[in-house]
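J.: This is the content of input.txt (compact mmCIF, C-alpha atoms):
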# COMPACT_ATOMS: atom_id res chain seq x y z
CA MET A 1116 200.50 220.91 128.61
CA ILE A 1117 203.12 223.59 129.34
CA ASN A 1118 206.32 222.62 131.14
CA HIS A 1119 205.60 224.67 134.24
CA GLU A 1120 202.25 222.98 134.71
CA MET A 1121 203.74 219.54 134.13
CA ASP A 1122 206.45 220.32 136.65
CA MET A 1123 203.82 221.31 139.21
CA LEU A 1124 201.87 218.14 138.54
CA ILE A 1125 204.95 215.97 139.01
CA ARG A 1126 205.75 217.76 142.25
CA ALA A 1127 202.15 217.35 143.43
CA GLN A 1128 202.28 213.65 142.56
CA ASN A 1129 205.40 213.39 144.71
CA GLY A 1130 203.46 214.79 147.67
CA ASP A 1131 204.39 218.49 147.44
CA GLU A 1132 201.43 220.31 149.04
CA GLU A 1133 202.57 223.73 147.83
CA ALA A 1134 202.54 222.51 144.23
CA PHE A 1135 199.04 221.15 144.74
CA THR A 1136 197.90 224.48 146.18
CA ASN A 1137 199.21 226.16 143.03
CA ILE A 1138 197.13 223.72 140.99
CA VAL A 1139 194.10 224.64 143.12
CA MET A 1140 194.72 228.32 142.42
CA GLN A 1141 195.04 227.68 138.71
CA TYR A 1142 191.92 225.53 138.36
CA GLN A 1143 189.64 226.97 141.06
CA ASN A 1144 187.53 229.01 138.62
CA PRO A 1145 186.74 226.30 136.06
CA VAL A 1146 185.98 223.78 138.81
CA TYR A 1147 183.87 226.23 140.81
CA ASN A 1148 181.96 227.35 137.71
CA LEU A 1149 181.15 223.75 136.78
CA CYS A 1150 179.95 223.04 140.33
CA TYR A 1151 177.90 226.23 140.42
CA ARG A 1152 176.27 225.49 137.07
CA MET A 1153 175.53 221.94 138.14
CA LEU A 1154 174.19 222.72 141.62
CA GLY A 1155 172.85 226.27 141.19
CA ASN A 1156 173.82 227.37 144.67
CA GLU A 1157 176.95 229.23 145.79
CA GLN A 1158 177.47 227.45 149.10
CA GLU A 1159 176.92 224.02 147.61
CA ALA A 1160 179.19 224.92 144.71
CA GLU A 1161 181.98 225.92 147.10
CA ASP A 1162 181.60 222.70 149.09
CA ALA A 1163 181.56 220.64 145.91
CA ALA A 1164 184.61 222.40 144.50
CA GLN A 1165 186.52 221.90 147.77
CA GLU A 1166 185.53 218.24 147.78
CA THR A 1167 186.65 217.93 144.15
CA PHE A 1168 190.13 219.21 144.98
CA TRP A 1169 190.32 216.96 148.03
CA ARG A 1170 189.44 213.93 145.90
CA ALA A 1171 191.96 215.03 143.29
CA TYR A 1172 194.58 215.39 146.05
CA GLN A 1173 193.92 211.86 147.24
CA ALA A 1174 193.99 210.41 143.72
CA ILE A 1175 196.75 212.52 142.16
CA ARG A 1176 199.28 209.70 142.27
CA ARG A 1177 196.98 207.68 140.03
CA TYR A 1178 196.59 210.52 137.50
CA ASP A 1179 197.85 209.48 134.06
CA ARG A 1180 200.03 212.32 132.76
CA THR A 1181 199.26 211.48 129.14
CA ARG A 1182 195.67 212.65 129.68
CA PRO A 1183 194.78 216.37 129.88
CA PHE A 1184 194.72 217.37 133.55
CA ALA A 1185 191.72 219.69 133.13
CA THR A 1186 189.63 216.84 131.72
CA TRP A 1187 190.62 214.60 134.63
CA LEU A 1188 189.79 217.29 137.20
CA LEU A 1189 186.49 218.29 135.58
CA SER A 1190 185.57 214.62 135.43
CA ILE A 1191 185.93 214.37 139.22
CA ALA A 1192 183.86 217.54 139.69
CA ALA A 1193 181.15 216.46 137.24
CA HIS A 1194 180.75 213.01 138.79
CA TYR A 1195 180.62 214.44 142.29
CA CYS A 1196 177.94 216.97 141.28
CA ILE A 1197 175.92 214.34 139.41
CA ASP A 1198 175.96 212.18 142.56
CA GLN A 1199 174.91 215.13 144.70
CA GLN A 1200 172.07 215.92 142.32
CA ARG A 1201 170.88 212.34 142.31
CA LYS A 1202 170.85 212.34 146.08
CA LYS A 1203 168.88 215.52 146.33
CA ARG A 1204 166.52 215.46 143.37
CA ILE A 1205 165.77 219.15 143.77
CA THR A 1206 164.89 219.95 140.17
CA THR A 1207 161.28 220.84 140.83
CA MET A 1208 162.17 223.01 143.78
CA GLU A 1209 164.76 224.92 141.79
CA ILE A 1210 162.28 225.82 139.05
CA GLU A 1211 159.97 227.20 141.72
CA ASP A 1212 162.84 229.18 143.24
CA TRP A 1213 163.74 230.49 139.83
CA MET A 1214 160.15 231.56 139.17
CA GLU A 1215 160.28 233.53 142.42
CA GLU A 1216 163.61 235.09 141.61
CA VAL A 1217 162.90 236.32 138.09
CA ILE A 1218 159.90 238.36 139.15
CA PRO A 1219 161.44 241.83 138.79
CA ASP A 1220 161.89 243.63 142.05
CA HIS A 1221 161.37 247.39 142.06
CA THR A 1222 164.58 248.52 143.75
CA PRO A 1223 166.58 250.95 141.61
CA GLU A 1224 169.34 248.99 139.83
CA PRO A 1225 171.42 249.69 136.72
CA GLU A 1226 169.66 248.26 133.69
CA GLN A 1227 172.58 246.19 132.48
CA ALA A 1228 173.17 244.58 135.85
CA LEU A 1229 169.49 243.72 136.03
CA HIS A 1230 169.62 242.24 132.56
CA GLU A 1231 172.73 240.18 133.37
CA ASN A 1232 171.16 239.00 136.58
CA GLU A 1233 168.01 237.97 134.75
CA ASN A 1234 170.06 236.10 132.17
CA LYS A 1235 172.03 234.36 134.90
CA HIS A 1236 168.84 233.21 136.59
CA LEU A 1237 167.27 232.34 133.27
CA ILE A 1238 170.19 230.07 132.28
CA GLN A 1239 170.33 228.52 135.73
CA GLY A 1240 166.57 227.93 135.69
CA LEU A 1241 166.79 226.26 132.31
CA LEU A 1242 169.75 224.10 133.32
CA SER A 1243 167.91 222.94 136.41
CA THR A 1244 165.22 221.37 134.24
CA LEU A 1245 167.76 218.91 132.78
CA ASN A 1246 168.78 215.66 134.38
CA PRO A 1247 172.28 215.79 135.94
CA GLN A 1248 174.18 214.03 133.13
CA ASP A 1249 172.50 216.03 130.36
CA ARG A 1250 173.20 219.20 132.32
CA ALA A 1251 176.86 218.28 132.68
CA ALA A 1252 177.08 217.63 128.93
CA ILE A 1253 175.55 221.03 128.10
CA ILE A 1254 177.79 222.88 130.58
CA LEU A 1255 180.93 221.21 129.23
CA ARG A 1256 179.86 221.95 125.65
CA TYR A 1257 178.97 225.64 126.05
CA TRP A 1258 181.00 226.85 129.04
CA TYR A 1259 184.16 224.86 128.38
CA GLU A 1260 183.80 224.44 124.62
CA CYS A 1261 184.57 220.74 124.96
CA SER A 1262 184.21 218.56 121.91
CA GLU A 1263 181.92 215.54 122.00
CA GLU A 1264 184.99 213.30 122.46
CA GLU A 1265 186.19 215.37 125.41
CA ILE A 1266 182.72 215.29 126.99
CA SER A 1267 182.66 211.53 126.54
CA GLN A 1268 186.00 211.31 128.38
CA VAL A 1269 184.85 213.54 131.22
CA LEU A 1270 181.50 211.82 131.71
CA GLN A 1271 182.79 208.35 130.80
CA LEU A 1272 180.15 207.83 128.15
CA SER A 1273 180.38 206.77 124.52
CA VAL A 1274 180.51 209.54 121.90
CA SER A 1275 177.13 208.45 120.51
CA ALA A 1276 175.63 208.63 124.01
CA VAL A 1277 177.00 212.16 124.36
CA LYS A 1278 175.51 213.14 121.00
CA SER A 1279 172.10 211.84 121.93
CA ARG A 1280 172.26 213.44 125.38
CA LEU A 1281 173.22 216.80 123.87
CA HIS A 1282 170.39 216.59 121.36
CA ARG A 1283 167.85 215.66 124.01
CA ALA A 1284 169.10 218.42 126.33
CA ARG A 1285 168.98 221.10 123.62
CA LEU A 1286 165.46 220.11 122.69
CA ARG A 1287 164.38 220.25 126.31
CA LEU A 1288 166.06 223.64 126.79
CA ALA A 1289 164.24 225.01 123.73
CA GLN A 1290 160.87 223.75 125.00
CA GLN A 1291 161.51 225.04 128.50
CA PHE A 1292 162.63 228.43 127.20
CA GLN A 1293 159.42 228.80 125.20
CA SER A 1294 157.19 227.74 128.07
CA GLN A 1295 158.99 230.04 130.50
CA GLN A 1296 158.72 232.97 128.08
CA TYR A 1297 155.02 232.23 127.83
CA ALA A 1298 154.66 232.08 131.63
CA THR A 1299 156.53 235.39 132.03
CA THR A 1300 154.35 237.10 129.43
CA GLU A 1301 151.24 235.81 131.18
CA ARG A 1302 152.48 237.05 134.55
CA ILE A 1303 153.29 240.52 133.23
CA ARG A 1304 149.85 240.67 131.61
CA ASP A 1305 148.18 239.69 134.92
CA GLU A 1306 150.16 242.27 136.85
CA SER A 1307 149.66 245.13 134.38
CA PRO A 1308 146.67 247.44 135.02
CA ALA A 1309 146.38 247.94 131.24
CA PHE A 1310 144.94 244.43 130.86
CA MET B 553 152.48 215.23 111.37
CA SER B 554 156.02 213.89 111.49
CA HIS B 555 158.49 216.18 113.26
CA GLN B 556 161.57 214.26 112.17
CA PRO B 557 164.08 215.08 110.86
CA PHE B 558 162.99 218.71 111.44
CA GLU B 559 163.46 218.66 115.20
CA LYS B 560 167.01 217.50 114.61
CA TRP B 561 167.54 220.09 111.90
CA ILE B 562 166.35 222.95 114.12
CA ILE B 563 169.06 222.15 116.66
CA ASN B 564 171.77 221.60 114.04
CA ARG B 565 170.81 224.30 111.54
CA GLU B 566 174.44 225.28 110.86
CA THR B 567 175.19 221.82 109.41
CA LEU B 568 172.30 221.82 106.90
CA THR B 569 172.53 222.15 103.12
CA PRO B 570 170.64 225.06 101.43
CA SER B 571 167.92 222.68 100.20
CA GLN B 572 167.46 221.27 103.73
CA ILE B 573 167.23 224.81 105.11
CA SER B 574 164.49 225.71 102.66
CA GLU B 575 162.66 222.45 103.46
CA LEU B 576 162.93 223.24 107.17
CA ASP B 577 161.62 226.79 106.65
CA THR B 578 158.63 225.47 104.74
CA HIS B 579 157.91 222.98 107.51
CA LEU B 580 158.22 225.65 110.19
CA LYS B 581 155.53 227.74 108.49
CA SER B 582 153.06 224.87 108.66
CA CYS B 583 153.99 223.28 112.01
CA PRO B 584 153.35 225.35 115.16
CA GLN B 585 155.03 222.75 117.39
CA CYS B 586 158.34 222.83 115.47
CA SER B 587 158.04 226.59 115.16
CA GLN B 588 157.87 226.84 118.95
CA ILE B 589 160.96 224.66 119.32
CA TYR B 590 162.72 226.77 116.70
CA HIS B 591 162.01 230.05 118.52
CA GLY B 592 162.85 228.46 121.86
CA TRP B 593 166.17 227.18 120.56
CA ARG B 594 167.01 230.59 119.07
CA GLY B 595 166.44 232.12 122.51
CA VAL B 596 168.58 229.47 124.22
CA GLU B 597 171.33 229.92 121.62
CA ASN B 598 171.38 233.65 122.36
CA LEU B 599 171.78 232.93 126.06
CA LEU B 600 174.53 230.39 125.42
CA GLN B 601 176.49 232.61 123.01
CA LYS B 602 178.55 234.12 125.79
CA PRO B 603 177.74 232.16 128.92
CA ALA B 604 178.95 233.96 132.04
CA PHE B 605 181.72 232.25 133.97
CA VAL B 606 181.15 232.27 137.71
CA HIS B 607 184.44 232.81 139.55
CA ALA B 608 185.43 231.07 142.75
CA PRO B 609 184.88 233.18 145.89
CA PRO B 610 187.92 235.01 147.31
CA HIS B 611 190.48 232.96 149.31
CA PHE B 612 189.10 229.69 147.93
CA ALA B 613 192.58 228.15 147.65
CA HIS B 614 193.51 229.29 151.17
CA ARG B 615 190.41 227.67 152.57
CA PHE B 616 191.34 224.47 150.78
CA GLN B 617 194.88 224.60 152.16
CA ALA B 618 193.57 225.27 155.67
CA SER B 619 191.14 222.36 155.49
CA LEU B 620 193.76 219.98 154.09
CA ALA B 621 195.33 219.13 157.47
CA GLU B 622 191.91 218.57 159.00
CA ARG B 623 190.79 216.39 156.09
CA LYS B 624 194.00 214.36 156.27
CA ALA B 625 193.53 213.80 160.01
CA ARG B 626 189.92 212.76 159.40
CA GLU B 627 191.03 210.38 156.65
CA ARG B 628 193.70 208.84 158.91
CA LYS B 629 191.09 208.33 161.65
CA ARG B 630 188.78 206.71 159.11
CA GLN B 631 191.52 204.34 157.99
CA VAL B 632 192.37 203.44 161.60
CA ARG B 633 188.68 202.80 162.27
CA ILE B 634 188.45 200.59 159.17
CA ALA B 635 191.58 198.67 160.22
CA LEU B 636 190.24 198.19 163.77
CA PHE B 637 186.86 197.06 162.48
CA GLY B 638 188.66 194.70 160.11
CA ILE B 639 190.79 193.20 162.87
CA GLY B 640 187.75 193.02 165.17
CA GLY B 641 185.71 191.36 162.43
CA VAL B 642 188.41 188.77 161.77
CA PHE B 643 188.67 188.08 165.51
CA VAL B 644 184.89 187.63 165.86
CA LEU B 645 184.83 185.41 162.79
CA LEU B 646 187.68 183.23 164.04
CA SER B 647 186.02 182.97 167.47
CA MET B 648 182.79 181.88 165.84
CA VAL B 649 184.59 179.28 163.73
CA PHE B 650 186.41 178.01 166.82
CA PHE B 651 183.19 177.89 168.84
CA LEU B 652 181.30 176.12 166.04
CA ARG B 653 184.10 173.61 165.63
CA LEU B 654 184.03 173.00 169.36
CA ILE B 655 180.29 172.38 169.36
CA LEU B 656 180.38 170.21 166.26
CA THR B 657 183.40 168.05 167.17
CA ILE B 658 183.02 167.53 170.93
CA PRO B 659 179.95 165.77 172.34
CA PRO B 660 177.84 168.09 174.55
CA ALA B 661 178.28 165.90 177.66
CA GLN B 662 182.07 166.04 177.39
CA LEU B 663 181.99 169.80 176.72
CA LEU B 664 179.89 170.32 179.85
CA SER B 665 182.14 168.17 182.03
CA ASP B 666 185.23 170.02 180.68
CA ILE B 667 183.69 173.40 181.53
CA ILE B 668 182.75 172.26 185.07
CA GLY B 669 186.24 170.81 185.54
CA TRP B 670 187.80 174.07 184.35
CA VAL B 671 185.67 176.14 186.75
CA VAL B 672 186.35 173.82 189.70
CA TYR B 673 190.11 173.56 189.16
CA THR B 674 190.72 177.24 188.35
CA PRO B 675 191.21 178.42 192.00
CA GLN B 676 193.61 175.55 192.61
CA ARG B 677 195.63 176.46 189.45
CA ILE B 678 195.75 180.13 190.42
CA ALA B 679 197.12 179.14 193.84
CA GLU B 680 199.76 176.95 192.17
CA PHE B 681 200.74 179.79 189.83
CA ARG B 682 201.05 182.20 192.75
CA PHE B 683 203.26 179.71 194.55
CA ILE B 684 205.53 179.43 191.48
CA LEU B 685 205.76 183.21 191.22
CA TYR B 686 206.55 183.51 194.94
CA PHE B 687 209.20 180.78 194.72
CA TRP B 688 210.99 182.43 191.76
CA GLY B 689 210.60 185.83 193.37
CA THR B 690 212.54 184.71 196.44
CA GLN B 691 215.35 183.41 194.18
CA ILE B 692 216.01 186.86 192.57
CA PRO B 693 218.67 188.95 194.38
CA PRO B 694 217.24 192.11 195.97
CA LEU B 695 219.64 194.38 194.03
CA ALA B 696 218.35 193.08 190.68
CA LEU B 697 214.81 193.93 191.76
CA VAL B 698 215.83 197.49 192.67
CA ALA B 699 217.65 197.85 189.32
CA ALA B 700 214.62 196.58 187.37
CA PHE B 701 212.35 198.97 189.29
CA LEU B 702 214.65 201.91 188.55
CA ILE B 703 214.91 201.09 184.82
CA LEU B 704 211.14 200.70 184.43
CA GLY B 705 210.43 203.84 186.46
CA GLY B 706 212.99 205.87 184.49
CA TRP B 707 211.58 204.83 181.14
CA SER B 708 208.02 205.51 182.26
CA VAL B 709 208.93 209.03 183.41
CA LEU B 710 210.81 209.71 180.16
CA LEU B 711 208.03 208.47 177.85
CA LEU B 712 205.30 210.22 179.81
CA SER B 713 207.25 213.51 179.64
CA ILE B 714 207.66 213.24 175.86
CA TRP B 715 203.97 212.42 175.47
CA PHE B 716 202.94 215.31 177.74
CA VAL B 717 205.14 217.84 175.90
CA THR B 718 203.77 216.74 172.49
CA ILE B 719 200.15 216.96 173.59
CA ARG B 720 200.79 220.32 175.24
CA ARG B 721 202.45 221.71 172.13
CA LEU B 722 199.58 220.54 169.89
CA SER B 723 196.93 221.93 172.19
CA TYR B 724 198.65 225.32 172.30
CA GLN B 725 199.59 225.59 168.64
CA GLY B 726 196.76 223.61 167.10
CA VAL B 727 197.06 221.81 163.79
CA PRO B 728 199.40 223.79 161.53
CA GLN B 729 197.42 225.72 158.93
CA GLN B 730 198.54 227.39 155.73
Mind converting the file's structure to structure tokens?

T.:
Amino acid sequence: MINHEMDMLIRAQNGDEEAFTNIVMQYQNPVYNLCYRMLGNEQEAEDAAQETFWRAYQAIRRYDRTRPFATWLLSIAAHYCIDQQRKKRITTMEIEDWMEEVIPDHTPEPEQALHENENKHLIQGLLSTLNPQDRAAIILRYWYECSEEEISQVLQLSVSAVKSRLHRARLRLAQQFQSQQYATTERIRDESPAF
Amino acid sequence: MSHQPFEKWIINRETLTPSQISELDTHLKSCPQCSQIYHGWRGVENLLQKPAFVHAPPHFAHRFQASLAERKARERKRQVRIALFGIGGVFVLLSMVFFLRLILTIPPAQLLSDIIGWVVYTPQRIAEFRFILYFWGTQIPPLALVAAFLILGGWSVLLLSIWFVTIRRLSYQGVPQQ
């Protein structure tokens, strides 16, 4: 951890609100991205990210400076989002929403933006098919390039549990990707006058 | 047909030895189920190569800072509520213990006679207490009474003014933000 960051953390631990606001500014994107990937909705992601920083603010005195701060913060965010997901159990609904969204609309739009948008929805649709802990493991692995040990620290699981969760999640993603590709092909065929 | 260890190998292809890769390829040609997983995983891998990072909306940190005072006030209220409920709970519990002890240790007939006695003698005791107060009241010099009245009145005016000014300032300025 660089000295400036450590200095800010010490100040925040001593109750300096300005230092904590600087921490918020520094970590807002990683925390928001994790919440967005976990919840799949911008408003919910904002609320979850705000709640994460509030919880971090309340618990900052208990933060152990020998641990990486990002891991500690992401752990708070991941657990909050997992709890939210468990409360809501919206997985099925989200797949349906995604199916609606990926149907191409016919408004003129640059091709690349359309492609990026499709990819964004595609990833989000796939993630929503995973259970919350598996989803968190995949997000931490691919968006944050966390090692299995780091994921185990964030999610408070054993390394072997993380390995098995990652394997199960990847397998599920592969199956879902194939079935969604199949569904899309079928839909295009049904819509096309050539068939 | 057994899909293990091929399912595992498909996901972890980069860790396989050349002989395992060739074994996997042979299996994929003969197993449509594993082949589907293989193609699916290739697609997912492509998507996850450069996953897009969603950035926080503008002024996120300012919104957090603005909500901090409100959240702190809410948290303080919650703690006060918990403390009051705790004190109330302890009071109710102690009362119940006292009442139970009373019922269990004193015979009902005696308890009833005590209550009746207490109700009957209460007006008489109030009258006696009033008499005592009146007696001691007449013993205090009139100047001391005036002084006590002035001190109490002065303090009340002073404290009420401070309270009024604080409330007024808060209601005009609101909770400080940012």

J.: Have a look at A:Leu1154, A:Ala1164, A:Ala1127, A:Val1277 and name the one nearest to chain B; count only C-alpha atoms.

T.: A:Ala1164

J.: Residues within 12 Å of region 1175-1185 of chain A, please, as an NGL selection string. Count all atoms listed in the file; anything in the same chain fewer than 3 positions from it doesn't count.

T.: :A and (1116-1117 or 1120-1132 or 1134-1135 or 1138-1139 or 1141-1146 or 1149 or 1167-1172 or 1188-1193 or 1255 or 1259 or 1261 or 1265-1266 or 1268-1269)

J.: The selected residues should be written to file as an mmCIF file, in the coordinates of the input (atoms: C-alpha atoms).

T.:
data_model
loop_
_atom_site.group_PDB
_atom_site.id
_atom_site.type_symbol
_atom_site.label_atom_id
_atom_site.label_comp_id
_atom_site.auth_asym_id
_atom_site.auth_seq_id
_atom_site.Cartn_x
_atom_site.Cartn_y
_atom_site.Cartn_z
ATOM 1 C CA MET A 1116 200.500 220.910 128.610
ATOM 2 C CA ILE A 1117 203.120 223.590 129.340
ATOM 3 C CA GLU A 1120 202.250 222.980 134.710
ATOM 4 C CA MET A 1121 203.740 219.540 134.130
ATOM 5 C CA ASP A 1122 206.450 220.320 136.650
ATOM 6 C CA MET A 1123 203.820 221.310 139.210
ATOM 7 C CA LEU A 1124 201.870 218.140 138.540
ATOM 8 C CA ILE A 1125 204.950 215.970 139.010
ATOM 9 C CA ARG A 1126 205.750 217.760 142.250
ATOM 10 C CA ALA A 1127 202.150 217.350 143.430
ATOM 11 C CA GLN A 1128 202.280 213.650 142.560
ATOM 12 C CA ASN A 1129 205.400 213.390 144.710
ATOM 13 C CA GLY A 1130 203.460 214.790 147.670
ATOM 14 C CA ASP A 1131 204.390 218.490 147.440
ATOM 15 C CA GLU A 1132 201.430 220.310 149.040
ATOM 16 C CA ALA A 1134 202.540 222.510 144.230
ATOM 17 C CA PHE A 1135 199.040 221.150 144.740
ATOM 18 C CA ILE A 1138 197.130 223.720 140.990
ATOM 19 C CA VAL A 1139 194.100 224.640 143.120
ATOM 20 C CA GLN A 1141 195.040 227.680 138.710
ATOM 21 C CA TYR A 1142 191.920 225.530 138.360
ATOM 22 C CA GLN A 1143 189.640 226.970 141.060
ATOM 23 C CA ASN A 1144 187.530 229.010 138.620
ATOM 24 C CA PRO A 1145 186.740 226.300 136.060
ATOM 25 C CA VAL A 1146 185.980 223.780 138.810
ATOM 26 C CA LEU A 1149 181.150 223.750 136.780
ATOM 27 C CA THR A 1167 186.650 217.930 144.150
ATOM 28 C CA PHE A 1168 190.130 219.210 144.980
ATOM 29 C CA TRP A 1169 190.320 216.960 148.030
ATOM 30 C CA ARG A 1170 189.440 213.930 145.900
ATOM 31 C CA ALA A 1171 191.960 215.030 143.290
ATOM 32 C CA TYR A 1172 194.580 215.390 146.050
ATOM 33 C CA LEU A 1188 189.790 217.290 137.200
ATOM 34 C CA LEU A 1189 186.490 218.290 135.580
ATOM 35 C CA SER A 1190 185.570 214.620 135.430
ATOM 36 C CA ILE A 1191 185.930 214.370 139.220
ATOM 37 C CA ALA A 1192 183.860 217.540 139.690
ATOM 38 C CA ALA A 1193 181.150 216.460 137.240
ATOM 39 C CA LEU A 1255 180.930 221.210 129.230
ATOM 40 C CA TYR A 1259 184.160 224.860 128.380
ATOM 41 C CA CYS A 1261 184.570 220.740 124.960
ATOM 42 C CA GLU A 1265 186.190 215.370 125.410
ATOM 43 C CA ILE A 1266 182.720 215.290 126.990
ATOM 44 C CA GLN A 1268 186.000 211.310 128.380
ATOM 45 C CA VAL A 1269 184.850 213.540 131.220
#

J.: Can you work out which residues from chain B touch chain A at a cut-off of 7 Å (counting only C-alpha atoms) and hand them back as a PyMOL selection string?

T.: chain B and resi 588-589+592-593+596+600+603+605-608+613+616-617

J.: Record the distance separating CA of Ile1197 (chain A) and CA of Ala604 (chain B), expressed in Å with one decimal.

T.: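 For CA of Ile1197 (chain A) relative to CA of Ala604 (chain B), the distance reads 21.2 Å.
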
J.: Can you list, as a list in words, every protein, DNA or RNA residue that comes within 9 Å of Phe558 (chain B) when you count all atoms listed in the file, leaving out same-chain residues fewer than 6 positions away?

T.: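 Contacts, with the query itself left out: Glu575, Leu576, His579, Leu580 and Cys586 of chain B.
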
J.: For a test of reading the model, state the distance in Å between CA of Ile563 (chain B) and CA of Arg594 (chain B), rounded to one decimal.

T.: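 These atoms are spaced 9.0 Å apart.
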
J.: Which one is closest to Ala1251 (chain A): A:Lys1202, A:Ala1284, A:Ala1276, A:Ala1163? Count only C-alpha atoms.

T.: A:Ala1284

J.: Take every atom of region 563-575 of chain B listed in the file, fit an axis-aligned box around them, add 5 Å per side, and give the centre and edge lengths in Å to one decimal as AutoDock Vina command-line options.

T.:
--center_x 168.9 --center_y 223.5 --center_z 108.4 --size_x 22.5 --size_y 14.4 --size_z 26.5

J.: Which residue out of A:Met1153, A:Tyr1297, A:Arg1280, A:Glu1260 has the minimum interatomic distance to Lys602 (chain B) when all atoms listed in the file are used?

T.: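 Among A:Met1153, A:Tyr1297, A:Arg1280, A:Glu1260, it is A:Glu1260 that comes nearest to Lys602 (chain B).
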
J.: Report, in Å to a single decimal, how far apart CA of Ser1279 (chain A) and CA of Ala1252 (chain A) are.

T.: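 Calculated distance between CA of Ala1252 (chain A) and CA of Ser1279 (chain A) is 10.4 Å.
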